[in-house]
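**Q** Have a look at the structure that comes next, please.
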Amino acid sequence: MPNYRFISLSNSRISPITHEGTTYENTMFADIQINLGYITKQKARNSSKFIGMAKSARISENSIRGNYDTSNYSNGSYNGKNKSMSMVGLVLSKEKYSLELWDYYVDDFVNTVYFYGDYNFHLNKDITLTTAIQYASQQNVGDNIAGDIDTSFFGLKAQIALKNGITMFSAYNQIAYNENSYDGGTIFVRWGTPQMFNSFQVQDSELAGTKSIGAGVQFDLGKLGLIPNTIIRFRHAFYNMPDSINDKDAAQDRSETTFDLNYSFKKVEGLTIQFRVAYNNYKTDYDYDAYRLRHGYSFDTLRDDFVDTRFYIDYMF
């Protein structure tokens with residue numbers, strides 16, 4: 001978990017406007033939440049050591065584009081001064097829609113601006129259609145310790161929720177491809193910056209030039225009258241990567257299929273277990289020799305298909 005200070009200013013802290021004995025509802029600000037945060041260090045899930053925000057981003061010197069201070073690196077990894085991250089977010093929540101605007105600023109490294117919005121269409125008493133959009137832009141700032149960063153992504157999502165506990169959804173994400181930006185336009189997502197719609201169990205959908213489309217279905221087995229307090233979910237996504245001979249930052253196309261099972265204990269309030277399994281399939285139908293002749297090197301380490309299995313136990317005090 002990040003080591004951070006966090007302040008949230010919600011509508012519960014906003015008093016009504018009073019004027020000459022008459023009380024008015026503050027309709028402009030009543031549904032707005034302001035979030036402020038300052039994160040100094042974080043640690044990986046399987047680590048006991050906290051590290052600065054730049055080091056935790058796992059910057060690779062080989063992926064840097066543009067000018068930077070080489071003394072900040074050793075063995076290809078960032079070893080300079082720790083960098084902190086400040087963040088501010090505005091969230092507007094209404095019955096039918098919500099809007100979010102966030103800014104994440106990491107000293108001398110990168111600034112991220114993120115927008116999210118969704119709208120609910122109540123088709124009838126049993127069916128709700130939700131459409132959502134997301135957009136983010138990342139730019140280098142200050143001493144640009146990771147060189148030039150100029151990239152963005154956007155996403156679209158549609159979801160249908162049935163009253164009986166069945167939810168179906170589909171989403172599209174696209175990452176900018178810019179060979180003059182860090183790693184061809186790859187998005188930094190290491191420290192809780194906005195998650196993309198098609199960020200699955202293994203694939204984060206953040207690599208340069210990725211065009212992904214995903215779909216899934218979720219079943220609330222309790223509402224379906226089968227197994228109380230149990231939810232299962234199936235998802236599949238295809239990730240189309242830059243892979244032409246002319247693309248300097250080419251990568252293997254891939255797909256991911258996942259299954260999730262979540263069970264909440266009724267007798268032990270706050271205790272939840274989750275089982276997750278994902279199958280990742282990597283395409284290998286490329287002309288590697290032609291690519292090596294064009295760019296002087298081949299793709300990054302080729303990946304074989306693999307299965308990723310995870311088990312979680314959560315307890316909320």
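Chain identifiers are assigned as A, B, and so on, following the order in which chains appear in the structure tokens; residues are numbered from 1 within each chain, and ligands are numbered from 1 in order of appearance.
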Would you write out, as a Markdown table, a table of all residues in stretch 184-248 of chain A that have an atom no more than 12 Å from an atom of stretch 52-63 of chain A, listing for each the closest atom pair and the distance in Å to one decimal, considering only C-alpha atoms and ordering rows by chain and rising residue number?
**A**
| residue | atom | partner | partner_atom | distance |
| --- | --- | --- | --- | --- |
| A:Gly184 | CA | A:Ser63 | CA | 8.0 |
| A:Gly185 | CA | A:Ser63 | CA | 10.0 |
| A:Thr186 | CA | A:Ser63 | CA | 9.6 |
| A:Ile187 | CA | A:Ala57 | CA | 10.5 |
| A:Phe188 | CA | A:Ala57 | CA | 6.9 |
| A:Val189 | CA | A:Ala57 | CA | 7.7 |
| A:Arg190 | CA | A:Ala57 | CA | 5.3 |
| A:Trp191 | CA | A:Ala57 | CA | 7.1 |
| A:Gly192 | CA | A:Ala57 | CA | 10.6 |
| A:Thr193 | CA | A:Ala57 | CA | 10.9 |
| A:Leu207 | CA | A:Ser63 | CA | 11.9 |
| A:Ala208 | CA | A:Ser63 | CA | 11.3 |
| A:Lys248 | CA | A:Ser63 | CA | 11.3 |
**Q** Kindly assemble as a tab-separated table a list of the stretch 115-135 of chain A residues that lie within 10 Å of stretch 165-183 of chain A, each paired with its nearest atom pair and their distance in Å to one decimal, using only C-alpha atoms, sorted first by chain and then by ascending residue number.
**A**
residue	atom	partner	partner_atom	distance
A:Ile127	CA	A:Thr167	CA	9.7
A:Thr128	CA	A:Thr167	CA	9.5
A:Leu129	CA	A:Phe169	CA	9.6
A:Thr130	CA	A:Phe169	CA	9.2
A:Thr131	CA	A:Phe169	CA	9.7
A:Ala132	CA	A:Ala171	CA	9.1
A:Ile133	CA	A:Ala171	CA	9.6
A:Gln134	CA	A:Asn173	CA	8.9
A:Tyr135	CA	A:Asn173	CA	9.5
**Q** Dump C-alpha atoms for the selected residues as a compact mmCIF listing (two decimals), in the first residue's frame?
**A**
# COMPACT_ATOMS: atom_id res chain seq x y z
CA ILE A 127 -32.52 -3.05 -17.11
CA THR A 128 -29.90 -0.28 -16.76
CA LEU A 129 -27.54 0.69 -19.58
CA THR A 130 -24.36 2.51 -18.51
CA THR A 131 -22.01 4.19 -20.97
CA ALA A 132 -18.60 5.49 -19.89
CA ILE A 133 -15.64 7.36 -21.33
CA GLN A 134 -12.10 7.88 -20.06
CA TYR A 135 -9.14 9.95 -21.27
**Q** When distances are computed from only C-alpha atoms, which of A:Ser244, A:Ser48, A:Asn164, A:Ser255 shows the smallest separation from A:Asp204?
**A**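 Of the candidates, the smallest distance to A:Asp204 is held by A:Ser255.
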**Q** From the set A:Ala146, A:Leu261, A:Leu90, A:Ala158, which residue has the shortest atom-to-atom contact distance to A:Gly76, counting only C-alpha atoms?
**A**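 Under the stated criterion, the closest residue is A:Ala146.
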**Q** Can you tell me how far atom CA of A:Asp220 sits from atom CA of A:Phe234, in Å to one decimal?
**A**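 Answer for the atom CA of A:Asp220 to atom CA of A:Phe234 separation: 12.1 Å.
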**Q** Could you pull the residues within 9 Å of stretch 283-296 of chain A, counting only C-alpha atoms, minus those fewer than 5 positions along the same chain, as a PyMOL selection string?
**A** chain A and resi 243-248+252-255+302-305
**Q** Would you put the residues from that selection into a file with C-alpha atoms, as a PDB file, in the first residue's frame?
**A**
ATOM      1  CA  ASP A 243       3.869  -4.881 -35.191  1.00  0.00           C
ATOM      2  CA  SER A 244       4.709  -3.652 -38.678  1.00  0.00           C
ATOM      3  CA  ILE A 245       8.297  -3.723 -39.932  1.00  0.00           C
ATOM      4  CA  ASN A 246       8.421   0.088 -39.665  1.00  0.00           C
ATOM      5  CA  ASP A 247       7.344   0.199 -36.009  1.00  0.00           C
ATOM      6  CA  LYS A 248      10.408   0.677 -33.818  1.00  0.00           C
ATOM      7  CA  GLN A 252       3.565  -9.331 -29.788  1.00  0.00           C
ATOM      8  CA  ASP A 253      -0.197  -9.305 -30.177  1.00  0.00           C
ATOM      9  CA  ARG A 254      -1.870 -11.092 -27.279  1.00  0.00           C
ATOM     10  CA  SER A 255      -5.182 -12.051 -25.703  1.00  0.00           C
ATOM     11  CA  LEU A 302       9.391 -13.206 -26.683  1.00  0.00           C
ATOM     12  CA  ARG A 303       6.623 -14.493 -24.447  1.00  0.00           C
ATOM     13  CA  ASP A 304       5.107 -17.960 -24.522  1.00  0.00           C
ATOM     14  CA  ASP A 305       1.527 -18.665 -23.519  1.00  0.00           C
TER      15      ASP A 305
END
**Q** Which value, in Å to one decimal, gives the distance between atom CA of A:Asn144 and atom CA of A:Pro242?
**A** 25.8 Å
**Q** Considering only C-alpha atoms, state which residue in the set A:Lys211, A:Lys83, A:Lys49, A:Lys94 is at the smallest distance from A:Ala237.
**A**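 Under the stated criterion, the closest residue is A:Lys211.
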**Q** Quick one: residues within 12 Å of A:Asp260, only C-alpha atoms counted, chain neighbours fewer than 2 positions away excluded, as a list in words?
**A**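 The residues satisfying every condition are Phe200, Gln201, Gly216, Val217, Gln218, Phe219, Asp220, Thr230, Ile231, Ile232, Arg233, Phe234, Arg235, His236, Thr257, Thr258, Asn262, Tyr263, Ile273, Gln274, Phe275, Arg276, Val277, Ala278, Asp308, Thr309, Arg310, Phe311 and Tyr312 of chain A.
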**Q** Using only C-alpha atoms for the distances, tell me which of A:Asp118, A:Asp314, A:Asp31, A:Asp126 is nearest to A:Leu156.
**A**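 Of the candidates, the smallest distance to A:Leu156 is held by A:Asp118.
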**Q** Could you pull out the residues in stretch 237-275 of chain A that DSSP calls strand (DSSP E) from the backbone, as a list in words?
**A**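 Here are the strand (DSSP E) residues of stretch 237-275 of chain A: Ala237, Phe238, Tyr239, Asn240, Arg254, Ser255, Glu256, Thr257, Thr258, Phe259, Asp260, Leu261, Asn262, Tyr263, Ser264, Leu271, Thr272, Ile273, Gln274 and Phe275 of chain A.
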**Q** Just give me the gap between atom CA of A:Gly117 and atom CA of A:Leu99 in Å, one decimal is fine.
**A**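 Rounded to one decimal, the two atoms are 4.4 Å apart.
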**Q** Could you tell me, as number ranges by chain, which residues of stretch 80-312 of chain A DSSP assigns to alpha helix (DSSP H) when given the backbone?
**A** A: 288-295
